[in-house]
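See below for the structure under consideration.
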Amino acid sequence: MEAIVQGIAQLFESWKKQQPTRIEKLPQSGSDRIYFRIYFKEETFIATYGLNVKENNTFINFSNHFKTKHLPVPQIFCVNAEQTIYIQEDVGTESLLNKLETAGHKEYVYTLFQKSLTALARIQIEGDKGLDYSWCLTAKEFGKQAILSDLLYFKYYFLDTLQLPYDKQQMLDDFEALSTYLTFTEHKYFMFRDFQSRNIIIKNAECYFIDYQGGMKGALQYDVASLLWQARAELSEEWKDSLLNFYIDEISKVLNKQIDKVTFISQYNGYVLIRLLQVLGAYGFRGLFERKAQFLSSIPLALNNLKFFLEHKRVGIATPEFDRMLKLIVSKEIIERFTSIQATEETPLVISVNSFSYKKGIPQDSSENGGGFVFDMRGILNPGRFDEYKNLSGKDKPVQDFLEQRTKMSIFLNSVWDLIDITIEDYLKRNFSSLQINFGCTGGQHRSVYAAEQTARHLRNKYKVKVVLTHTNQANWIK
């Protein structure tokens, strides 16, 4: 990680002829790309590091093209010789999803969705003009093969993990029929491919788009389906319908012709289904295979989203074996399989999470049963060895950045959570009243404090359980 930061600093200096004030790693999402925020005087920039050079070039070329059309995307400022690092405009920190989760389903947020759809219509139609689709990362067009690929992605990474019996040949025949049906759509322009509220940044009440490197030529319906049916957004049926009609009016304006709404919506429903299944495939891959907790926790939301769609919408083509399996995977039993048990106000379990110093000893458990976990953090590089961190703790951002960027802390904690989650879920079911989890390091100030803080956050978010967090050596921290 230090080499990456150094490479970013060198690229920035070659561009600005001055050194950056500081560089901070941003939280990593589902991709392998790593993002950093560069601070320079009163300005900020975003640096991206990725070893997939083709993917980097796709994003850079798309961005440069869209900028010539005055579309709301970040400007690319410079790229290193290896094409593994590029620096772009910082369009802001708050996504449309952030706004929705903070403000709720209010009129202001609805207006932001409208602005996003207006801008989407422009980037799809105006961005399509003169765009060189040979830059595309995978297929140049979201046609029959790409649709089939999404269906197979869902099959292999989600459906097959459930180990439910089905007729494989009939399923493939249904996939063939559905992909053929959806291929014959009238309106094909630039398709964002991952148009969700997390990839829409709101700055000064205007929207900007990021993460469109997966784009290709495709049906207009796919992107609006992706936004309105995003599981995390949980938009009401009223919002979905009214925003869809708003979007159809917007593309009619940009195309300067009236869209046949009946035909458009009929095909739109098919793309909603494809998008819901593609998302489930992605959650399956990232969650069930890569064991990333945030994707596992999103599976029940996605299944409920699919369940609602199947109960209220029609695609317009018969796919009997596929339909039968879809109804099975949205059953109560399957959804509960992926739903974490949640604590309530009456739940007796209280989890004590402690950081401690091995010099002072492991905290005593005064509960009736005792037991619990003790994790030794001394195998993680100690920030306290460096002068700039000695007077800080694991609660301070510079120390957190050090542990996230320069150590294997995230791997360590993911393994810890895999272990403790098994016990916590069992304790919640059996109405146990206490569990102690301890993290120790040399001074009980940096590594153990960070681990305890992050674990308490994980438990509250995942299980809504009562957590008592204590840093037992805080009185002796070097200040």
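Scheme for the structure tokens: letters A, B, ... for chains in order shown; per-chain residue numbers from 1; ligand numbers from 1 in order shown.
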Item to check | Exercise: Ala121 in chain A partners within 9 Å, only C-alpha atoms, chain neighbours under 2 positions left out, as a list in words | outcome: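 Contacts, with the query itself left out: Ser116, Leu117, Thr118, Ala119, Ile123, Gln124, Ile125, Glu126, Leu220, Tyr247, Ile248, Glu250, Ile251 and Val254 of chain A.
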Just-selected residues, N, CA and C atoms written as a short mmCIF file (atom, residue, chain, number, x, y, z; two decimals), in the first residue's frame:
```cif
data_model
loop_
_atom_site.label_atom_id
_atom_site.label_comp_id
_atom_site.auth_asym_id
_atom_site.auth_seq_id
_atom_site.Cartn_x
_atom_site.Cartn_y
_atom_site.Cartn_z
N SER A 116 -31.53 12.99 -11.32
CA SER A 116 -30.67 11.88 -11.75
C SER A 116 -31.19 11.26 -13.03
N LEU A 117 -32.50 11.11 -13.14
CA LEU A 117 -33.09 10.51 -14.34
C LEU A 117 -33.00 11.45 -15.54
N THR A 118 -33.11 12.74 -15.31
CA THR A 118 -32.92 13.71 -16.39
C THR A 118 -31.50 13.63 -16.93
N ALA A 119 -30.53 13.56 -16.01
CA ALA A 119 -29.13 13.45 -16.42
C ALA A 119 -28.85 12.09 -17.06
N ILE A 123 -26.99 11.32 -20.65
CA ILE A 123 -25.76 10.54 -20.83
C ILE A 123 -26.00 9.32 -21.70
N GLN A 124 -27.20 8.77 -21.65
CA GLN A 124 -27.52 7.62 -22.50
C GLN A 124 -27.59 8.01 -23.97
N ILE A 125 -28.35 9.07 -24.26
CA ILE A 125 -28.64 9.42 -25.65
C ILE A 125 -27.58 10.34 -26.25
N GLU A 126 -27.24 11.42 -25.54
CA GLU A 126 -26.22 12.33 -26.07
C GLU A 126 -24.84 11.70 -25.97
N LEU A 220 -32.47 1.31 -23.24
CA LEU A 220 -32.65 2.40 -22.27
C LEU A 220 -33.25 1.89 -20.97
N TYR A 247 -39.20 9.58 -16.33
CA TYR A 247 -38.04 9.24 -17.17
C TYR A 247 -38.45 9.07 -18.64
N ILE A 248 -39.57 8.41 -18.88
CA ILE A 248 -40.04 8.24 -20.26
C ILE A 248 -40.28 9.60 -20.91
N GLU A 250 -38.70 12.33 -20.11
CA GLU A 250 -37.38 12.95 -20.31
C GLU A 250 -36.70 12.41 -21.56
N ILE A 251 -36.76 11.10 -21.79
CA ILE A 251 -36.10 10.57 -23.00
C ILE A 251 -36.88 11.00 -24.25
N VAL A 254 -35.41 14.39 -25.06
CA VAL A 254 -34.07 14.34 -25.64
C VAL A 254 -34.11 13.78 -27.06
#
```
Next on the checklist: When you look at Phe338 in chain A with a cut-off of 10 Å (counting only C-alpha atoms), what residues show up, excluding the ones that are within fewer than 4 positions of it in the same chain? I need them as a list in words.
Outcome noted: Leu296, Ser297, Ser298, Ile299, Pro300, Leu301, Leu303, Glu333 and Ile334 of chain A
Next on the checklist: Quick check for you: according to DSSP on this backbone, which residues of range 109-292 of chain A are classed as alpha helix (DSSP H)? Reply as an MDAnalysis selection string.
Outcome noted: chainID A and resid 109:125 144:157 168:183 220:228 237:255 261:283
Checklist entry - To one decimal place, how far is CA of Phe59 in chain A from CA of Gly130 in chain A in Å? => result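 Separation between CA of Phe59 in chain A and CA of Gly130 in chain A: 16.0 Å.
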Closest contacts (range 111-227 of chain A/range 80-93 of chain A, max 12 Å, only C-alpha atoms) as a tab-separated table:
```
residue	atom	partner	partner_atom	distance
A:Arg198	CA	A:Thr93	CA	10.6
A:Asn199	CA	A:Thr93	CA	10.9
A:Ile200	CA	A:Val91	CA	9.9
A:Ile201	CA	A:Gly92	CA	6.3
A:Ile202	CA	A:Gly92	CA	6.8
A:Lys203	CA	A:Gly92	CA	5.7
A:Asn204	CA	A:Gly92	CA	9.1
A:Ala205	CA	A:Gly92	CA	11.0
A:Glu206	CA	A:Val91	CA	10.0
A:Cys207	CA	A:Val91	CA	8.9
A:Tyr208	CA	A:Val91	CA	6.8
A:Phe209	CA	A:Val91	CA	8.8
A:Ile210	CA	A:Val91	CA	9.0
```
Selection to disk with N, CA and C atoms, as a CSV table (one decimal), in the first residue's frame:
```csv
chain,number,residue,atom,x,y,z
A,198,ARG,N,-25.9,4.5,-5.3
A,198,ARG,CA,-24.5,4.6,-4.8
A,198,ARG,C,-23.5,5.2,-5.8
A,199,ASN,N,-23.8,5.1,-7.0
A,199,ASN,CA,-23.0,5.6,-8.1
A,199,ASN,C,-23.4,7.0,-8.6
A,200,ILE,N,-24.3,7.6,-7.9
A,200,ILE,CA,-24.8,9.0,-8.2
A,200,ILE,C,-24.3,9.9,-7.0
A,201,ILE,N,-23.4,10.8,-7.3
A,201,ILE,CA,-22.9,11.7,-6.3
A,201,ILE,C,-23.7,13.0,-6.3
A,202,ILE,N,-24.1,13.5,-5.1
A,202,ILE,CA,-24.9,14.7,-5.1
A,202,ILE,C,-24.0,15.8,-4.5
A,203,LYS,N,-23.8,16.9,-5.3
A,203,LYS,CA,-22.9,18.0,-4.8
A,203,LYS,C,-23.7,19.3,-5.2
A,204,ASN,N,-23.9,20.1,-4.2
A,204,ASN,CA,-24.7,21.4,-4.4
A,204,ASN,C,-26.0,21.1,-5.2
A,205,ALA,N,-26.7,20.1,-4.7
A,205,ALA,CA,-28.0,19.7,-5.2
A,205,ALA,C,-28.0,19.3,-6.7
A,206,GLU,N,-26.8,19.1,-7.3
A,206,GLU,CA,-26.7,18.5,-8.6
A,206,GLU,C,-26.1,17.1,-8.6
A,207,CYS,N,-26.4,16.3,-9.6
A,207,CYS,CA,-25.9,15.0,-9.6
A,207,CYS,C,-24.7,14.7,-10.6
A,208,TYR,N,-23.8,13.9,-10.2
A,208,TYR,CA,-22.7,13.5,-11.0
A,208,TYR,C,-22.6,11.9,-11.0
A,209,PHE,N,-22.1,11.4,-12.1
A,209,PHE,CA,-22.1,9.9,-12.2
A,209,PHE,C,-20.6,9.4,-12.1
A,210,ILE,N,-20.5,8.2,-11.4
A,210,ILE,CA,-19.2,7.6,-11.3
A,210,ILE,C,-19.4,6.1,-11.7
```
Checklist entry - Nearest to Gln342 in chain A: which of A:Lys395, A:Lys462, A:Lys479, A:Lys140 is it, counting only C-alpha atoms? => result A:Lys462
Proximity check range 133-243 of chain A to range 308-318 of chain A, 12 Å, nearest pairs one decimal Å, only C-alpha atoms, as a Markdown table:
```
| residue | atom | partner | partner_atom | distance |
| --- | --- | --- | --- | --- |
| A:Met171 | CA | A:Ala318 | CA | 11.9 |
| A:Asp173 | CA | A:Ala318 | CA | 11.1 |
| A:Asp174 | CA | A:Ala318 | CA | 8.1 |
| A:Phe175 | CA | A:Ala318 | CA | 10.7 |
| A:Glu176 | CA | A:Ile317 | CA | 11.6 |
| A:Ala177 | CA | A:Ile317 | CA | 8.1 |
| A:Leu178 | CA | A:Ile317 | CA | 7.1 |
| A:Ser179 | CA | A:Ile317 | CA | 10.5 |
| A:Thr180 | CA | A:Ile317 | CA | 10.4 |
| A:Tyr181 | CA | A:Ile317 | CA | 7.6 |
| A:Leu182 | CA | A:Val315 | CA | 9.7 |
| A:Ala225 | CA | A:Phe309 | CA | 11.6 |
| A:Leu228 | CA | A:Phe309 | CA | 12.0 |
| A:Trp229 | CA | A:Phe309 | CA | 9.2 |
| A:Gln230 | CA | A:Phe309 | CA | 12.0 |
| A:Ala231 | CA | A:Phe308 | CA | 10.9 |
| A:Glu234 | CA | A:Phe308 | CA | 11.1 |
| A:Leu235 | CA | A:Phe308 | CA | 11.9 |
| A:Ser236 | CA | A:Phe308 | CA | 11.1 |
| A:Glu237 | CA | A:Phe308 | CA | 9.9 |
| A:Lys240 | CA | A:Phe309 | CA | 11.8 |
| A:Asp241 | CA | A:Lys313 | CA | 11.9 |
```
With N, CA and C atoms retained, write the just-selected residues as a short mmCIF file (atom, residue, chain, number, x, y, z; two decimals), in the first residue's frame.
```
data_model
loop_
_atom_site.label_atom_id
_atom_site.label_comp_id
_atom_site.auth_asym_id
_atom_site.auth_seq_id
_atom_site.Cartn_x
_atom_site.Cartn_y
_atom_site.Cartn_z
N MET A 171 -34.26 -25.23 -18.08
CA MET A 171 -33.84 -23.92 -17.59
C MET A 171 -33.06 -23.17 -18.67
N ASP A 173 -33.24 -23.63 -21.87
CA ASP A 173 -34.19 -23.28 -22.93
C ASP A 173 -34.95 -22.01 -22.56
N ASP A 174 -35.33 -21.89 -21.30
CA ASP A 174 -36.03 -20.67 -20.83
C ASP A 174 -35.10 -19.45 -20.91
N PHE A 175 -33.85 -19.64 -20.53
CA PHE A 175 -32.88 -18.55 -20.63
C PHE A 175 -32.75 -18.08 -22.08
N GLU A 176 -32.70 -19.04 -22.99
CA GLU A 176 -32.59 -18.73 -24.43
C GLU A 176 -33.80 -17.92 -24.89
N ALA A 177 -34.98 -18.34 -24.48
CA ALA A 177 -36.21 -17.67 -24.90
C ALA A 177 -36.27 -16.25 -24.34
N LEU A 178 -35.94 -16.09 -23.07
CA LEU A 178 -36.00 -14.77 -22.44
C LEU A 178 -34.98 -13.81 -23.05
N SER A 179 -33.77 -14.29 -23.27
CA SER A 179 -32.73 -13.42 -23.83
C SER A 179 -33.07 -13.01 -25.26
N THR A 180 -33.68 -13.90 -26.01
CA THR A 180 -34.10 -13.57 -27.38
C THR A 180 -35.19 -12.50 -27.35
N TYR A 181 -36.16 -12.67 -26.45
CA TYR A 181 -37.27 -11.72 -26.31
C TYR A 181 -36.76 -10.31 -25.99
N LEU A 182 -35.81 -10.22 -25.09
CA LEU A 182 -35.33 -8.91 -24.64
C LEU A 182 -34.37 -8.25 -25.63
N ALA A 225 -34.31 0.68 -14.71
CA ALA A 225 -34.69 -0.48 -13.89
C ALA A 225 -33.70 -0.66 -12.74
N LEU A 228 -34.43 2.24 -10.03
CA LEU A 228 -35.71 2.22 -9.31
C LEU A 228 -35.93 0.94 -8.53
N TRP A 229 -35.26 -0.16 -8.92
CA TRP A 229 -35.45 -1.42 -8.23
C TRP A 229 -34.25 -1.81 -7.36
N GLN A 230 -33.38 -0.86 -7.08
CA GLN A 230 -32.25 -1.15 -6.19
C GLN A 230 -32.78 -1.56 -4.81
N ALA A 231 -32.34 -2.73 -4.33
CA ALA A 231 -32.90 -3.28 -3.08
C ALA A 231 -32.67 -2.35 -1.90
N GLU A 234 -35.23 0.64 -1.49
CA GLU A 234 -36.59 0.32 -1.02
C GLU A 234 -37.60 1.40 -1.40
N LEU A 235 -37.60 1.76 -2.68
CA LEU A 235 -38.55 2.78 -3.15
C LEU A 235 -39.97 2.22 -3.15
N SER A 236 -40.93 3.06 -2.85
CA SER A 236 -42.33 2.64 -2.86
C SER A 236 -42.78 2.40 -4.29
N GLU A 237 -43.86 1.64 -4.44
CA GLU A 237 -44.41 1.38 -5.77
C GLU A 237 -44.86 2.69 -6.42
N LYS A 240 -41.73 4.36 -7.77
CA LYS A 240 -41.23 3.64 -8.94
C LYS A 240 -42.04 3.98 -10.19
N ASP A 241 -43.36 3.96 -10.05
CA ASP A 241 -44.23 4.21 -11.21
C ASP A 241 -44.12 5.65 -11.68
#
```
Checklist entry - Which residues, written as a PyMOL selection string, have at least one atom at most 12 Å from Asn56 in chain A, with only C-alpha atoms counted and residues fewer than 2 positions away on the same chain left out? => result chain A and resi 32-34+47-54+58-63+76+79-80+82-88+135-137+211-214
Filtering to C-alpha atoms, could you give me those residues as a JSON list (two decimals), in the first residue's frame?
```json
[["chain", "number", "residue", "atom", "x", "y", "z"],
["A", 32, "ASP", "CA", -10.70, -4.58, -6.80],
["A", 33, "ARG", "CA", -10.00, -0.90, -7.49],
["A", 34, "ILE", "CA", -8.62, 1.17, -4.61],
["A", 47, "ALA", "CA", -6.89, 8.94, -7.21],
["A", 48, "THR", "CA", -7.75, 5.46, -8.46],
["A", 49, "TYR", "CA", -5.39, 2.50, -8.42],
["A", 50, "GLY", "CA", -6.20, -0.62, -10.41],
["A", 51, "LEU", "CA", -4.15, -3.34, -12.06],
["A", 52, "ASN", "CA", -6.77, -3.93, -14.76],
["A", 53, "VAL", "CA", -5.34, -1.53, -17.35],
["A", 54, "LYS", "CA", -8.13, -2.18, -19.84],
["A", 58, "THR", "CA", -12.32, 2.28, -20.53],
["A", 59, "PHE", "CA", -13.23, 4.63, -17.68],
["A", 60, "ILE", "CA", -10.72, 7.27, -18.81],
["A", 61, "ASN", "CA", -11.86, 7.21, -22.46],
["A", 62, "PHE", "CA", -15.56, 7.20, -21.56],
["A", 63, "SER", "CA", -14.99, 10.11, -19.16],
["A", 76, "ILE", "CA", -9.62, 13.06, -15.70],
["A", 79, "VAL", "CA", -2.59, 9.11, -15.78],
["A", 80, "ASN", "CA", 0.71, 7.39, -14.92],
["A", 82, "GLU", "CA", 1.79, 2.23, -16.51],
["A", 83, "GLN", "CA", -1.89, 3.30, -16.70],
["A", 84, "THR", "CA", -2.51, 1.81, -13.25],
["A", 85, "ILE", "CA", -3.13, 5.15, -11.48],
["A", 86, "TYR", "CA", -5.20, 8.11, -12.59],
["A", 87, "ILE", "CA", -6.26, 11.31, -10.84],
["A", 88, "GLN", "CA", -9.70, 12.74, -11.39],
["A", 135, "TRP", "CA", -13.40, 0.95, -25.64],
["A", 136, "CYS", "CA", -15.93, -1.29, -23.87],
["A", 137, "LEU", "CA", -14.48, -3.50, -21.17],
["A", 211, "ASP", "CA", -18.37, 3.88, -12.02],
["A", 212, "TYR", "CA", -19.61, 3.60, -15.61],
["A", 213, "GLN", "CA", -16.62, 1.61, -16.92],
["A", 214, "GLY", "CA", -18.90, -1.41, -17.40]]
```
